Every structure is written in C-alpha cells, then in structure tokens.
Amino acid sequence: MTSTTTGRWDAVQRRLPLVAVGAFAVMVLLTSVIAWVAFHSYSPEPDFPFLDGPGWLDAWFHGDSGWYYGIAADGYWYDPGSQSPIAFFPAYPLVVYGVGQLLGEDWSTAAGLVTLASAAAMVALFAAWVRTRLPARTAVVAVVLLLVYPYSFFLYGTGYSDALFMLSALGSFALLERRHYVLAGLVGILATGGRPVGIAVLVGLVVRAVEMIAEERAARAERPLVLATGGSASGPPAETRPSGPVPWRDMVAAVPFVRWRQAALLVSGAGLAGWMVYLGVRFGDPLAFVAVQEAPGWNQGSGPYTWFKVVFLGTLVKGLWANIALLVPQALACLVAVLLLRTVWRRFGWGYAAFAVVTLAIPIIGTKDFMGAGRYVLSAFPVVAAAAVVLVEGRRPRWLLPVVLVVLSIGLCVATIAFARGVEVS
C-alpha cells in the first residue's frame, strides 16, 4: 500500500464517525426504496389501518412491530398459555410511547423514528469504537460490514428494538472506557431492560472493568522498570512486546482492587430486575417472560429438545425448503460468529469477548431452530469488527473481501424484500 493510499485511509479514519453516519443515511434511503416498492407491489397489501405515517416508513412495519405498537398503545397484558406482549422487554416500547405522545399517538411512526435515531447514533459510536482499535482500512471495512450485513435492515426503520439495544450497549461501554462508571451502569439499564440478552452487557461491563484495572496495574509495574534501566529493561521494549489480551492470572489478581466506583456498574442489572418485579407484582410471575415463550405459535421451550435443535434438524431432514431458506442463513451466521470469538478475544480483550459470548450463547442455546439468531449476531458488535480483521489483515486473497461484500449486499436486498412482503425473516 502506497503512502498516498495510506494517507487517504487515515484521513477517512479521522472522520469515520461522521462518514459512517452519512453512509448509514444512504443505506436508509436505498433500503427504504426497496422496501417501499416491495411493500406496494405485494398483492394484497397488508391491511394495517393505523399506518398513517410516511409511506416509506410504513413499509418497514411488519412482524414484531405490531407487538411493540400494541404495548405502546394499550400496555402489557398476560394470558398464560397464549402469546402475550410480556415476551417483549419494556425499554423500547416505553421510548416509543414517549415519542408517540409527541406525534399525536402515532405509535407506528414513532417506532420507526426511534429505530432510525438510535441506529444513527449507534453507527457513530461503533465507528468511534473501531477507529481507536483497528488500522484505518480495517476500521472502515468494519463499518461497511455492519451496514451491509443482511439482518442490518432491522436498523433502517423497522419497529424493532435492535437499534436501541445496540446503542445502549455501545453507549455503556463507551462511558466505561472513559471511567464514567455510574453513567455506564445507568445506560446499561436500557440494555438489560431492553432485551433478554441485555444481561450480556452487564457481564461485559464487569469483566471489562476488571480488565482495565489489570491493564493499569501492568502499566504501573512497567514504568519504574523503564526509568531505572534507561530503556533497556530485561526483555523486549514495551513497543515491541507482543500485544494481546491481559493474561488470565492478571485478571484474577485485579479482582481485589475493584472499588465502589467499578461496582456501580452492577446498577445496569436494574433493567432486568425492575422488569421482573413488575411482572411479579402485576401478573404473579417474575419469570413470565420466559414461560410465555412456550406458548403455541412460538413453541420456544427449554430443555434438550431446544438445546439440540431437534426442530431445526427435522426441518432439514424433511426438506421444508421455505423454512430452510429462512433458518440456514441464521445458523451459518451463528457459526461464523462463534468462529470469530477467538479473534474478538485476541484483539479486543476479555470484556468484549465476554459480552459477545453471552450475546451469542442465549439465542444459540435458547432457540429451537435459530429463528431470530441473525439479529442477535448483529447485536454482538465486536464480532463484526473481528470479521473485518479476518478479511483485511494477513495474507488473504484480494478477491475475498469484494466477494463477501457483494454476497452480504445481495443478502441484505433479499432480506429487505422478504420482510417488506411480510415474511418473518429473523
């Protein structure tokens, strides 16, 4: 790579958050046009009389958007043994409710606007995160991968909670990196109160806080050594020492140095705790959001039948091609994400690896057929950055990255069309 090319990449890297938001706006435009055309070419069009917002935004209102609309409009109810809105955590519908009040109780438009605003801020935070951790070209590719990932259409105006969840996760980690422990915990409440997988944010914050203590202790231990030896310490200079995650023994040794300011991160669990208290007081079952998953139609029970994906394997054996087309891409996305976890750990450390592991483990273990897992992989944002590392760094065929981007872009277009036509894509 020439010095001129390197300089161009560095210039983009310096403005990457702004560039990323601009690219996000372009993707919103392109995917909304695709969704609008697909929605209005579908015969008969879905009959949602409450859809009175902009046509391009209404084209994104499908699937679980209806559940969030119902929660914002009518609140929660629970009928044991049947599908009920308590399966959906409250952070997103509460924000939609607040915005909807400003729009004259237009909950569907509010849902899309909340998603767009959250996604734009999240993309900027993701760009800022990769900019400080990856070389310029790799960071740019990471942002592109985030935008063209097939299930990223959930960020472009749908009435789903993914964008708000990712914003709260990235926001809490960004505050933690700046040592704003209390604020990080408070933002984390939105994550644990937004989706069941929000517990991954709590785990990641705690592990990352311990890791930061270990890094600080290692830095203090090295500084006197360099001063005393005039830069000729026994062992390689600091700039030539191999980079990588903090050794496990240093993580363990850092635990006794946790103070109250780091312990404040535990407040992030209040989102989940508050939701359980609400369910217990109102419906008599603090774990009702788990029990409702077994309702007919969802059939997401626990146990070996779910863990070992009996339904998914049965779908493959029976050759149910319509279902296979929906489920296999999500299973493959999970497989690739799991294979990337080692790269996440090596490049970004224990905290982000813990977050990614828990984020992926919940849908992999908890779904009978990987339905919904495509969106959960998107939420594991360090995996997206790790994919860029694998595709850009090291000896890779020059054609690999363009081919991957083309395949992902085609997948995004296909998924957008299917979703706009009412197909439950993920």
# chains A, B, ... in the order shown; residues from 1 in each chain; ligands from 1
>>> closest_atom_pairs(of="region 87-144 of chain A", to="region 259-273 of chain A", cutoff="10 Å", atoms="only C-alpha atoms", output="Markdown table")
| residue | atom | partner | partner_atom | distance |
| --- | --- | --- | --- | --- |
| A:Phe89 | CA | A:Leu272 | CA | 8.6 |
| A:Pro90 | CA | A:Gly271 | CA | 9.0 |
| A:Ala91 | CA | A:Gly271 | CA | 8.3 |
>>> write_last_selection(atoms="all heavy atoms", output="compact mmCIF listing (two decimals), in the first residue's frame")
# COMPACT_ATOMS: atom_id res chain seq x y z
N PHE A 89 -39.44 -6.97 26.14
CA PHE A 89 -38.97 -6.16 27.25
C PHE A 89 -39.37 -4.69 27.04
O PHE A 89 -39.61 -4.25 25.92
CB PHE A 89 -37.46 -6.31 27.39
CG PHE A 89 -37.03 -7.52 28.17
CD1 PHE A 89 -37.68 -8.74 28.02
CD2 PHE A 89 -35.98 -7.46 29.07
CE1 PHE A 89 -37.30 -9.85 28.73
CE2 PHE A 89 -35.58 -8.57 29.79
CZ PHE A 89 -36.24 -9.77 29.63
N PRO A 90 -39.41 -3.90 28.12
CA PRO A 90 -40.12 -2.61 28.08
C PRO A 90 -39.33 -1.40 27.59
O PRO A 90 -39.94 -0.37 27.30
CB PRO A 90 -40.51 -2.41 29.55
CG PRO A 90 -39.44 -3.10 30.33
CD PRO A 90 -39.07 -4.31 29.50
N ALA A 91 -38.00 -1.45 27.49
CA ALA A 91 -37.26 -0.22 27.20
C ALA A 91 -37.69 0.41 25.88
O ALA A 91 -38.00 1.61 25.82
CB ALA A 91 -35.76 -0.52 27.19
>>> residues_around(residues="Arg179 (chain A)", least_positions_apart="3", cutoff="9 Å", atoms="only C-alpha atoms", output="VMD selection string")
chain A and resid 174 to 176 182 184 209 261 to 262
>>> closest_residue(among="A:Ala127, A:Leu202, A:Gly104, A:Ala163", to="Leu145 (chain A)", atoms="only C-alpha atoms")
A:Ala127
>>> select_by_dssp(residues="region 12-142 of chain A", states="alpha helix (DSSP H)", output="PyMOL selection string")
chain A and resi 12-14+16-41+55-58+65-74+91-102+107-131+136-142
>>> residues_around(residues="Val311 (chain A)", least_positions_apart="6", cutoff="10 Å", atoms="only C-alpha atoms", output="PDB file with N, CA and C atoms, in the first residue's frame")
ATOM      1  N   TYR A 305     -34.719 -30.727  23.890  1.00  0.00           N
ATOM      2  CA  TYR A 305     -35.406 -30.611  22.602  1.00  0.00           C
ATOM      3  C   TYR A 305     -35.035 -29.297  21.901  1.00  0.00           C
ATOM      4  N   VAL A 317     -34.143 -32.450   7.451  1.00  0.00           N
ATOM      5  CA  VAL A 317     -34.411 -33.818   7.009  1.00  0.00           C
ATOM      6  C   VAL A 317     -35.661 -33.873   6.140  1.00  0.00           C
ATOM      7  N   THR A 367     -32.975 -21.052  21.286  1.00  0.00           N
ATOM      8  CA  THR A 367     -33.940 -21.168  20.197  1.00  0.00           C
ATOM      9  C   THR A 367     -33.942 -22.587  19.653  1.00  0.00           C
ATOM     10  N   LYS A 368     -35.123 -23.030  19.215  1.00  0.00           N
ATOM     11  CA  LYS A 368     -35.241 -24.403  18.731  1.00  0.00           C
ATOM     12  C   LYS A 368     -34.739 -24.564  17.301  1.00  0.00           C
ATOM     13  N   ASP A 369     -34.628 -23.431  16.565  1.00  0.00           N
ATOM     14  CA  ASP A 369     -34.309 -23.550  15.137  1.00  0.00           C
ATOM     15  C   ASP A 369     -33.493 -22.371  14.597  1.00  0.00           C
ATOM     16  N   PHE A 370     -32.902 -21.565  15.501  1.00  0.00           N
ATOM     17  CA  PHE A 370     -32.086 -20.398  15.145  1.00  0.00           C
ATOM     18  C   PHE A 370     -32.911 -19.213  14.650  1.00  0.00           C
TER      19      PHE A 370
END
>>> closest_residue(among="A:Arg15, A:Arg282, A:Arg375, A:Arg133", to="Gly349 (chain A)", atoms="only C-alpha atoms")
A:Arg133
>>> residues_around(residues="Tyr149 (chain A)", least_positions_apart="6", cutoff="8 Å", atoms="only C-alpha atoms", output="PyMOL selection string")
chain A and resi 378+408-409+411-412
>>> write_last_selection(atoms="N, CA, C and O atoms", output="PDB file, in the first residue's frame")
ATOM      1  N   LEU A 378     -25.984  -9.631  14.971  1.00  0.00           N
ATOM      2  CA  LEU A 378     -25.777  -8.202  14.739  1.00  0.00           C
ATOM      3  C   LEU A 378     -25.503  -7.468  16.043  1.00  0.00           C
ATOM      4  O   LEU A 378     -24.650  -6.561  16.097  1.00  0.00           O
ATOM      5  N   LEU A 408     -23.031 -10.269   0.894  1.00  0.00           N
ATOM      6  CA  LEU A 408     -23.787  -9.688   2.003  1.00  0.00           C
ATOM      7  C   LEU A 408     -24.790  -8.654   1.498  1.00  0.00           C
ATOM      8  O   LEU A 408     -25.933  -8.593   1.984  1.00  0.00           O
ATOM      9  N   SER A 409     -24.390  -7.850   0.527  1.00  0.00           N
ATOM     10  CA  SER A 409     -25.283  -6.820  -0.006  1.00  0.00           C
ATOM     11  C   SER A 409     -26.489  -7.450  -0.696  1.00  0.00           C
ATOM     12  O   SER A 409     -27.629  -6.976  -0.538  1.00  0.00           O
ATOM     13  N   GLY A 411     -27.685 -10.387   0.005  1.00  0.00           N
ATOM     14  CA  GLY A 411     -28.490 -10.922   1.109  1.00  0.00           C
ATOM     15  C   GLY A 411     -29.320  -9.848   1.783  1.00  0.00           C
ATOM     16  O   GLY A 411     -30.483 -10.084   2.153  1.00  0.00           O
ATOM     17  N   LEU A 412     -28.750  -8.650   1.946  1.00  0.00           N
ATOM     18  CA  LEU A 412     -29.495  -7.543   2.549  1.00  0.00           C
ATOM     19  C   LEU A 412     -30.694  -7.160   1.687  1.00  0.00           C
ATOM     20  O   LEU A 412     -31.806  -6.937   2.203  1.00  0.00           O
TER      21      LEU A 412
END
>>> residues_around(residues="Phe283 (chain A)", least_positions_apart="2", cutoff="12 Å", atoms="only C-alpha atoms", output="list in words")
Tyr76, Trp77, Tyr78, Asp79, Pro80, Ser84, Ile86, Trp275, Met276, Val277, Tyr278, Leu279, Gly280, Val281, Asp285, Pro286, Leu287, Ala288 and Phe289 of chain A
>>> closest_residue(among="A:Val258, A:Val33, A:Ala59, A:Val19", to="Ala420 (chain A)", atoms="only C-alpha atoms")
A:Ala59
>>> residues_around(residues="Val96 (chain A)", least_positions_apart="6", cutoff="12 Å", atoms="only C-alpha atoms", output="PDB file with all heavy atoms, in the first residue's frame")
ATOM      1  N   SER A  65     -43.160  -5.653  15.001  1.00  0.00           N
ATOM      2  CA  SER A  65     -43.535  -4.240  15.105  1.00  0.00           C
ATOM      3  C   SER A  65     -44.950  -4.108  15.671  1.00  0.00           C
ATOM      4  O   SER A  65     -45.243  -3.176  16.432  1.00  0.00           O
ATOM      5  CB  SER A  65     -43.468  -3.570  13.732  1.00  0.00           C
ATOM      6  OG  SER A  65     -42.179  -3.659  13.161  1.00  0.00           O
ATOM      7  N   TYR A  68     -44.948  -4.324  19.487  1.00  0.00           N
ATOM      8  CA  TYR A  68     -44.482  -3.087  20.122  1.00  0.00           C
ATOM      9  C   TYR A  68     -45.517  -1.973  19.984  1.00  0.00           C
ATOM     10  O   TYR A  68     -45.674  -1.150  20.900  1.00  0.00           O
ATOM     11  CB  TYR A  68     -43.145  -2.658  19.508  1.00  0.00           C
ATOM     12  CG  TYR A  68     -41.984  -3.529  19.946  1.00  0.00           C
ATOM     13  CD1 TYR A  68     -41.280  -4.296  19.033  1.00  0.00           C
ATOM     14  CD2 TYR A  68     -41.604  -3.573  21.284  1.00  0.00           C
ATOM     15  CE1 TYR A  68     -40.219  -5.097  19.434  1.00  0.00           C
ATOM     16  CE2 TYR A  68     -40.547  -4.365  21.698  1.00  0.00           C
ATOM     17  CZ  TYR A  68     -39.857  -5.130  20.766  1.00  0.00           C
ATOM     18  OH  TYR A  68     -38.816  -5.923  21.168  1.00  0.00           O
ATOM     19  N   TYR A  69     -46.208  -1.937  18.845  1.00  0.00           N
ATOM     20  CA  TYR A  69     -47.292  -0.972  18.670  1.00  0.00           C
ATOM     21  C   TYR A  69     -48.375  -1.201  19.731  1.00  0.00           C
ATOM     22  O   TYR A  69     -48.855  -0.249  20.369  1.00  0.00           O
ATOM     23  CB  TYR A  69     -47.887  -1.119  17.266  1.00  0.00           C
ATOM     24  CG  TYR A  69     -49.059  -0.198  16.992  1.00  0.00           C
ATOM     25  CD1 TYR A  69     -48.871   1.009  16.353  1.00  0.00           C
ATOM     26  CD2 TYR A  69     -50.357  -0.555  17.382  1.00  0.00           C
ATOM     27  CE1 TYR A  69     -49.945   1.861  16.101  1.00  0.00           C
ATOM     28  CE2 TYR A  69     -51.429   0.283  17.144  1.00  0.00           C
ATOM     29  CZ  TYR A  69     -51.223   1.494  16.501  1.00  0.00           C
ATOM     30  OH  TYR A  69     -52.283   2.329  16.261  1.00  0.00           O
ATOM     31  N   GLY A  70     -48.760  -2.458  19.924  1.00  0.00           N
ATOM     32  CA  GLY A  70     -49.793  -2.763  20.899  1.00  0.00           C
ATOM     33  C   GLY A  70     -49.390  -2.393  22.311  1.00  0.00           C
ATOM     34  O   GLY A  70     -50.218  -1.912  23.095  1.00  0.00           O
ATOM     35  N   ILE A  71     -48.120  -2.604  22.652  1.00  0.00           N
ATOM     36  CA  ILE A  71     -47.654  -2.257  24.002  1.00  0.00           C
ATOM     37  C   ILE A  71     -47.704  -0.747  24.202  1.00  0.00           C
ATOM     38  O   ILE A  71     -48.156  -0.250  25.245  1.00  0.00           O
ATOM     39  CB  ILE A  71     -46.218  -2.779  24.215  1.00  0.00           C
ATOM     40  CG1 ILE A  71     -46.207  -4.307  24.177  1.00  0.00           C
ATOM     41  CG2 ILE A  71     -45.665  -2.275  25.543  1.00  0.00           C
ATOM     42  CD1 ILE A  71     -44.814  -4.903  24.115  1.00  0.00           C
ATOM     43  N   ALA A  72     -47.227   0.014  23.197  1.00  0.00           N
ATOM     44  CA  ALA A  72     -47.250   1.473  23.314  1.00  0.00           C
ATOM     45  C   ALA A  72     -48.678   1.996  23.391  1.00  0.00           C
ATOM     46  O   ALA A  72     -48.974   2.946  24.132  1.00  0.00           O
ATOM     47  CB  ALA A  72     -46.516   2.103  22.128  1.00  0.00           C
ATOM     48  N   ALA A  73     -49.575   1.377  22.646  1.00  0.00           N
ATOM     49  CA  ALA A  73     -50.953   1.871  22.586  1.00  0.00           C
ATOM     50  C   ALA A  73     -51.795   1.417  23.773  1.00  0.00           C
ATOM     51  O   ALA A  73     -52.600   2.202  24.314  1.00  0.00           O
ATOM     52  CB  ALA A  73     -51.609   1.411  21.287  1.00  0.00           C
ATOM     53  N   GLY A  75     -50.543  -0.984  26.475  1.00  0.00           N
ATOM     54  CA  GLY A  75     -49.842  -1.507  27.641  1.00  0.00           C
ATOM     55  C   GLY A  75     -49.677  -3.015  27.585  1.00  0.00           C
ATOM     56  O   GLY A  75     -49.956  -3.664  26.568  1.00  0.00           O
ATOM     57  N   PRO A  90     -39.411  -3.901  28.124  1.00  0.00           N
ATOM     58  CA  PRO A  90     -40.119  -2.614  28.080  1.00  0.00           C
ATOM     59  C   PRO A  90     -39.333  -1.402  27.588  1.00  0.00           C
ATOM     60  O   PRO A  90     -39.944  -0.369  27.298  1.00  0.00           O
ATOM     61  CB  PRO A  90     -40.514  -2.413  29.547  1.00  0.00           C
ATOM     62  CG  PRO A  90     -39.436  -3.100  30.326  1.00  0.00           C
ATOM     63  CD  PRO A  90     -39.069  -4.306  29.500  1.00  0.00           C
ATOM     64  N   LEU A 102     -45.621  12.750  21.503  1.00  0.00           N
ATOM     65  CA  LEU A 102     -45.274  13.992  20.814  1.00  0.00           C
ATOM     66  C   LEU A 102     -45.837  14.039  19.404  1.00  0.00           C
ATOM     67  O   LEU A 102     -46.005  15.123  18.838  1.00  0.00           O
ATOM     68  CB  LEU A 102     -43.746  14.144  20.766  1.00  0.00           C
ATOM     69  CG  LEU A 102     -43.025  14.198  22.116  1.00  0.00           C
ATOM     70  CD1 LEU A 102     -41.515  14.269  21.903  1.00  0.00           C
ATOM     71  CD2 LEU A 102     -43.502  15.391  22.940  1.00  0.00           C
ATOM     72  N   LEU A 103     -46.123  12.856  18.835  1.00  0.00           N
ATOM     73  CA  LEU A 103     -46.617  12.773  17.465  1.00  0.00           C
ATOM     74  C   LEU A 103     -48.124  12.562  17.405  1.00  0.00           C
ATOM     75  O   LEU A 103     -48.650  12.137  16.378  1.00  0.00           O
ATOM     76  CB  LEU A 103     -45.916  11.625  16.728  1.00  0.00           C
ATOM     77  CG  LEU A 103     -44.390  11.733  16.584  1.00  0.00           C
ATOM     78  CD1 LEU A 103     -43.845  10.486  15.896  1.00  0.00           C
ATOM     79  CD2 LEU A 103     -44.010  12.989  15.810  1.00  0.00           C
ATOM     80  N   GLU A 105     -49.951  10.400  19.310  1.00  0.00           N
ATOM     81  CA  GLU A 105     -50.228   8.975  19.485  1.00  0.00           C
ATOM     82  C   GLU A 105     -50.095   8.186  18.171  1.00  0.00           C
ATOM     83  O   GLU A 105     -50.816   7.221  17.936  1.00  0.00           O
ATOM     84  CB  GLU A 105     -51.608   8.757  20.109  1.00  0.00           C
ATOM     85  CG  GLU A 105     -51.741   9.397  21.490  1.00  0.00           C
ATOM     86  CD  GLU A 105     -53.041   9.030  22.183  1.00  0.00           C
ATOM     87  OE1 GLU A 105     -53.894   8.387  21.544  1.00  0.00           O
ATOM     88  OE2 GLU A 105     -53.179   9.381  23.374  1.00  0.00           O
ATOM     89  N   ASP A 106     -49.171   8.601  17.342  1.00  0.00           N
ATOM     90  CA  ASP A 106     -48.838   7.853  16.119  1.00  0.00           C
ATOM     91  C   ASP A 106     -47.716   6.886  16.471  1.00  0.00           C
ATOM     92  O   ASP A 106     -46.535   7.158  16.253  1.00  0.00           O
ATOM     93  CB  ASP A 106     -48.416   8.811  15.006  1.00  0.00           C
ATOM     94  CG  ASP A 106     -48.211   8.104  13.678  1.00  0.00           C
ATOM     95  OD1 ASP A 106     -48.243   6.855  13.662  1.00  0.00           O
ATOM     96  OD2 ASP A 106     -47.993   8.791  12.660  1.00  0.00           O
ATOM     97  N   TRP A 107     -48.098   5.735  17.019  1.00  0.00           N
ATOM     98  CA  TRP A 107     -47.094   4.817  17.568  1.00  0.00           C
ATOM     99  C   TRP A 107     -46.251   4.152  16.476  1.00  0.00           C
ATOM    100  O   TRP A 107     -45.071   3.884  16.692  1.00  0.00           O
ATOM    101  CB  TRP A 107     -47.781   3.745  18.413  1.00  0.00           C
ATOM    102  CG  TRP A 107     -48.820   4.254  19.343  1.00  0.00           C
ATOM    103  CD1 TRP A 107     -50.150   3.952  19.337  1.00  0.00           C
ATOM    104  CD2 TRP A 107     -48.637   5.170  20.427  1.00  0.00           C
ATOM    105  NE1 TRP A 107     -50.803   4.613  20.346  1.00  0.00           N
ATOM    106  CE2 TRP A 107     -49.909   5.363  21.036  1.00  0.00           C
ATOM    107  CE3 TRP A 107     -47.535   5.838  20.951  1.00  0.00           C
ATOM    108  CZ2 TRP A 107     -50.090   6.204  22.132  1.00  0.00           C
ATOM    109  CZ3 TRP A 107     -47.720   6.688  22.033  1.00  0.00           C
ATOM    110  CH2 TRP A 107     -48.983   6.854  22.620  1.00  0.00           C
ATOM    111  N   SER A 108     -46.821   3.891  15.326  1.00  0.00           N
ATOM    112  CA  SER A 108     -46.057   3.222  14.273  1.00  0.00           C
ATOM    113  C   SER A 108     -44.958   4.123  13.737  1.00  0.00           C
ATOM    114  O   SER A 108     -43.816   3.688  13.553  1.00  0.00           O
ATOM    115  CB  SER A 108     -46.988   2.782  13.139  1.00  0.00           C
ATOM    116  OG  SER A 108     -47.669   3.894  12.580  1.00  0.00           O
ATOM    117  N   THR A 109     -45.273   5.384  13.486  1.00  0.00           N
ATOM    118  CA  THR A 109     -44.245   6.324  13.035  1.00  0.00           C
ATOM    119  C   THR A 109     -43.200   6.531  14.124  1.00  0.00           C
ATOM    120  O   THR A 109     -41.999   6.597  13.841  1.00  0.00           O
ATOM    121  CB  THR A 109     -44.880   7.671  12.650  1.00  0.00           C
ATOM    122  OG1 THR A 109     -45.818   7.465  11.600  1.00  0.00           O
ATOM    123  CG2 THR A 109     -43.818   8.652  12.181  1.00  0.00           C
ATOM    124  N   ALA A 110     -43.649   6.615  15.368  1.00  0.00           N
ATOM    125  CA  ALA A 110     -42.707   6.781  16.482  1.00  0.00           C
ATOM    126  C   ALA A 110     -41.737   5.621  16.556  1.00  0.00           C
ATOM    127  O   ALA A 110     -40.533   5.813  16.788  1.00  0.00           O
ATOM    128  CB  ALA A 110     -43.477   6.911  17.797  1.00  0.00           C
ATOM    129  N   ALA A 111     -42.235   4.399  16.339  1.00  0.00           N
ATOM    130  CA  ALA A 111     -41.359   3.229  16.406  1.00  0.00           C
ATOM    131  C   ALA A 111     -40.255   3.307  15.358  1.00  0.00           C
ATOM    132  O   ALA A 111     -39.077   3.047  15.646  1.00  0.00           O
ATOM    133  CB  ALA A 111     -42.181   1.958  16.216  1.00  0.00           C
ATOM    134  N   GLY A 112     -40.634   3.677  14.122  1.00  0.00           N
ATOM    135  CA  GLY A 112     -39.629   3.792  13.073  1.00  0.00           C
ATOM    136  C   GLY A 112     -38.636   4.894  13.345  1.00  0.00           C
ATOM    137  O   GLY A 112     -37.421   4.726  13.120  1.00  0.00           O
ATOM    138  N   LEU A 113     -39.100   6.030  13.844  1.00  0.00           N
ATOM    139  CA  LEU A 113     -38.199   7.152  14.120  1.00  0.00           C
ATOM    140  C   LEU A 113     -37.245   6.833  15.266  1.00  0.00           C
ATOM    141  O   LEU A 113     -36.066   7.216  15.233  1.00  0.00           O
ATOM    142  CB  LEU A 113     -39.011   8.409  14.432  1.00  0.00           C
ATOM    143  CG  LEU A 113     -39.823   8.978  13.262  1.00  0.00           C
ATOM    144  CD1 LEU A 113     -40.604  10.207  13.708  1.00  0.00           C
ATOM    145  CD2 LEU A 113     -38.904   9.322  12.094  1.00  0.00           C
ATOM    146  N   VAL A 114     -37.739   6.159  16.291  1.00  0.00           N
ATOM    147  CA  VAL A 114     -36.855   5.756  17.395  1.00  0.00           C
ATOM    148  C   VAL A 114     -35.761   4.825  16.873  1.00  0.00           C
ATOM    149  O   VAL A 114     -34.583   4.949  17.242  1.00  0.00           O
ATOM    150  CB  VAL A 114     -37.663   5.080  18.518  1.00  0.00           C
ATOM    151  CG1 VAL A 114     -36.736   4.432  19.543  1.00  0.00           C
ATOM    152  CG2 VAL A 114     -38.560   6.098  19.200  1.00  0.00           C
ATOM    153  N   THR A 115     -36.142   3.888  16.009  1.00  0.00           N
ATOM    154  CA  THR A 115     -35.148   2.981  15.439  1.00  0.00           C
ATOM    155  C   THR A 115     -34.112   3.754  14.626  1.00  0.00           C
ATOM    156  O   THR A 115     -32.905   3.523  14.761  1.00  0.00           O
ATOM    157  CB  THR A 115     -35.841   1.937  14.544  1.00  0.00           C
ATOM    158  OG1 THR A 115     -36.577   1.045  15.371  1.00  0.00           O
ATOM    159  CG2 THR A 115     -34.824   1.139  13.731  1.00  0.00           C
ATOM    160  N   LEU A 116     -34.554   4.670  13.772  1.00  0.00           N
ATOM    161  CA  LEU A 116     -33.618   5.418  12.925  1.00  0.00           C
ATOM    162  C   LEU A 116     -32.675   6.283  13.754  1.00  0.00           C
ATOM    163  O   LEU A 116     -31.458   6.303  13.500  1.00  0.00           O
ATOM    164  CB  LEU A 116     -34.397   6.288  11.938  1.00  0.00           C
ATOM    165  CG  LEU A 116     -35.100   5.546  10.800  1.00  0.00           C
ATOM    166  CD1 LEU A 116     -35.976   6.504  10.006  1.00  0.00           C
ATOM    167  CD2 LEU A 116     -34.071   4.889   9.885  1.00  0.00           C
ATOM    168  N   ALA A 117     -33.203   6.996  14.730  1.00  0.00           N
ATOM    169  CA  ALA A 117     -32.354   7.855  15.563  1.00  0.00           C
ATOM    170  C   ALA A 117     -31.366   7.020  16.369  1.00  0.00           C
ATOM    171  O   ALA A 117     -30.170   7.369  16.475  1.00  0.00           O
ATOM    172  CB  ALA A 117     -33.220   8.701  16.492  1.00  0.00           C
ATOM    173  N   SER A 118     -31.846   5.920  16.932  1.00  0.00           N
ATOM    174  CA  SER A 118     -30.969   5.049  17.717  1.00  0.00           C
ATOM    175  C   SER A 118     -29.885   4.444  16.846  1.00  0.00           C
ATOM    176  O   SER A 118     -28.714   4.371  17.235  1.00  0.00           O
ATOM    177  CB  SER A 118     -31.784   3.934  18.377  1.00  0.00           C
ATOM    178  OG  SER A 118     -32.770   4.455  19.238  1.00  0.00           O
ATOM    179  N   GLY A 159     -39.946  -1.413  13.274  1.00  0.00           N
ATOM    180  CA  GLY A 159     -40.407  -1.214  14.645  1.00  0.00           C
ATOM    181  C   GLY A 159     -39.876  -2.287  15.564  1.00  0.00           C
ATOM    182  O   GLY A 159     -40.650  -2.930  16.295  1.00  0.00           O
ATOM    183  N   TYR A 160     -38.566  -2.477  15.554  1.00  0.00           N
ATOM    184  CA  TYR A 160     -37.901  -3.485  16.379  1.00  0.00           C
ATOM    185  C   TYR A 160     -36.922  -2.798  17.339  1.00  0.00           C
ATOM    186  O   TYR A 160     -36.466  -1.681  17.080  1.00  0.00           O
ATOM    187  CB  TYR A 160     -37.130  -4.483  15.510  1.00  0.00           C
ATOM    188  CG  TYR A 160     -37.972  -5.596  14.924  1.00  0.00           C
ATOM    189  CD1 TYR A 160     -38.992  -5.335  14.015  1.00  0.00           C
ATOM    190  CD2 TYR A 160     -37.752  -6.926  15.278  1.00  0.00           C
ATOM    191  CE1 TYR A 160     -39.763  -6.352  13.468  1.00  0.00           C
ATOM    192  CE2 TYR A 160     -38.522  -7.950  14.736  1.00  0.00           C
ATOM    193  CZ  TYR A 160     -39.522  -7.658  13.831  1.00  0.00           C
ATOM    194  OH  TYR A 160     -40.271  -8.675  13.305  1.00  0.00           O
ATOM    195  N   SER A 161     -36.551  -3.508  18.394  1.00  0.00           N
ATOM    196  CA  SER A 161     -35.741  -2.912  19.464  1.00  0.00           C
ATOM    197  C   SER A 161     -34.242  -3.028  19.243  1.00  0.00           C
ATOM    198  O   SER A 161     -33.469  -2.564  20.080  1.00  0.00           O
ATOM    199  CB  SER A 161     -36.096  -3.587  20.797  1.00  0.00           C
ATOM    200  OG  SER A 161     -35.734  -4.974  20.777  1.00  0.00           O
ATOM    201  N   LEU A 164     -32.010   0.334  19.394  1.00  0.00           N
ATOM    202  CA  LEU A 164     -31.914   0.924  20.734  1.00  0.00           C
ATOM    203  C   LEU A 164     -31.056   0.060  21.637  1.00  0.00           C
ATOM    204  O   LEU A 164     -30.267   0.586  22.437  1.00  0.00           O
ATOM    205  CB  LEU A 164     -33.310   1.097  21.327  1.00  0.00           C
ATOM    206  CG  LEU A 164     -33.354   1.739  22.716  1.00  0.00           C
ATOM    207  CD1 LEU A 164     -32.790   3.160  22.676  1.00  0.00           C
ATOM    208  CD2 LEU A 164     -34.792   1.757  23.268  1.00  0.00           C
TER     209      LEU A 164
END
>>> closest_residue(among="A:Ile34, A:Val357, A:Leu147, A:Gly81", to="Gly22 (chain A)", atoms="only C-alpha atoms")
A:Leu147
>>> closest_residue(among="A:Ala214, A:Ile199, A:Val344, A:Val206", to="Ile362 (chain A)", atoms="only C-alpha atoms")
A:Ile199
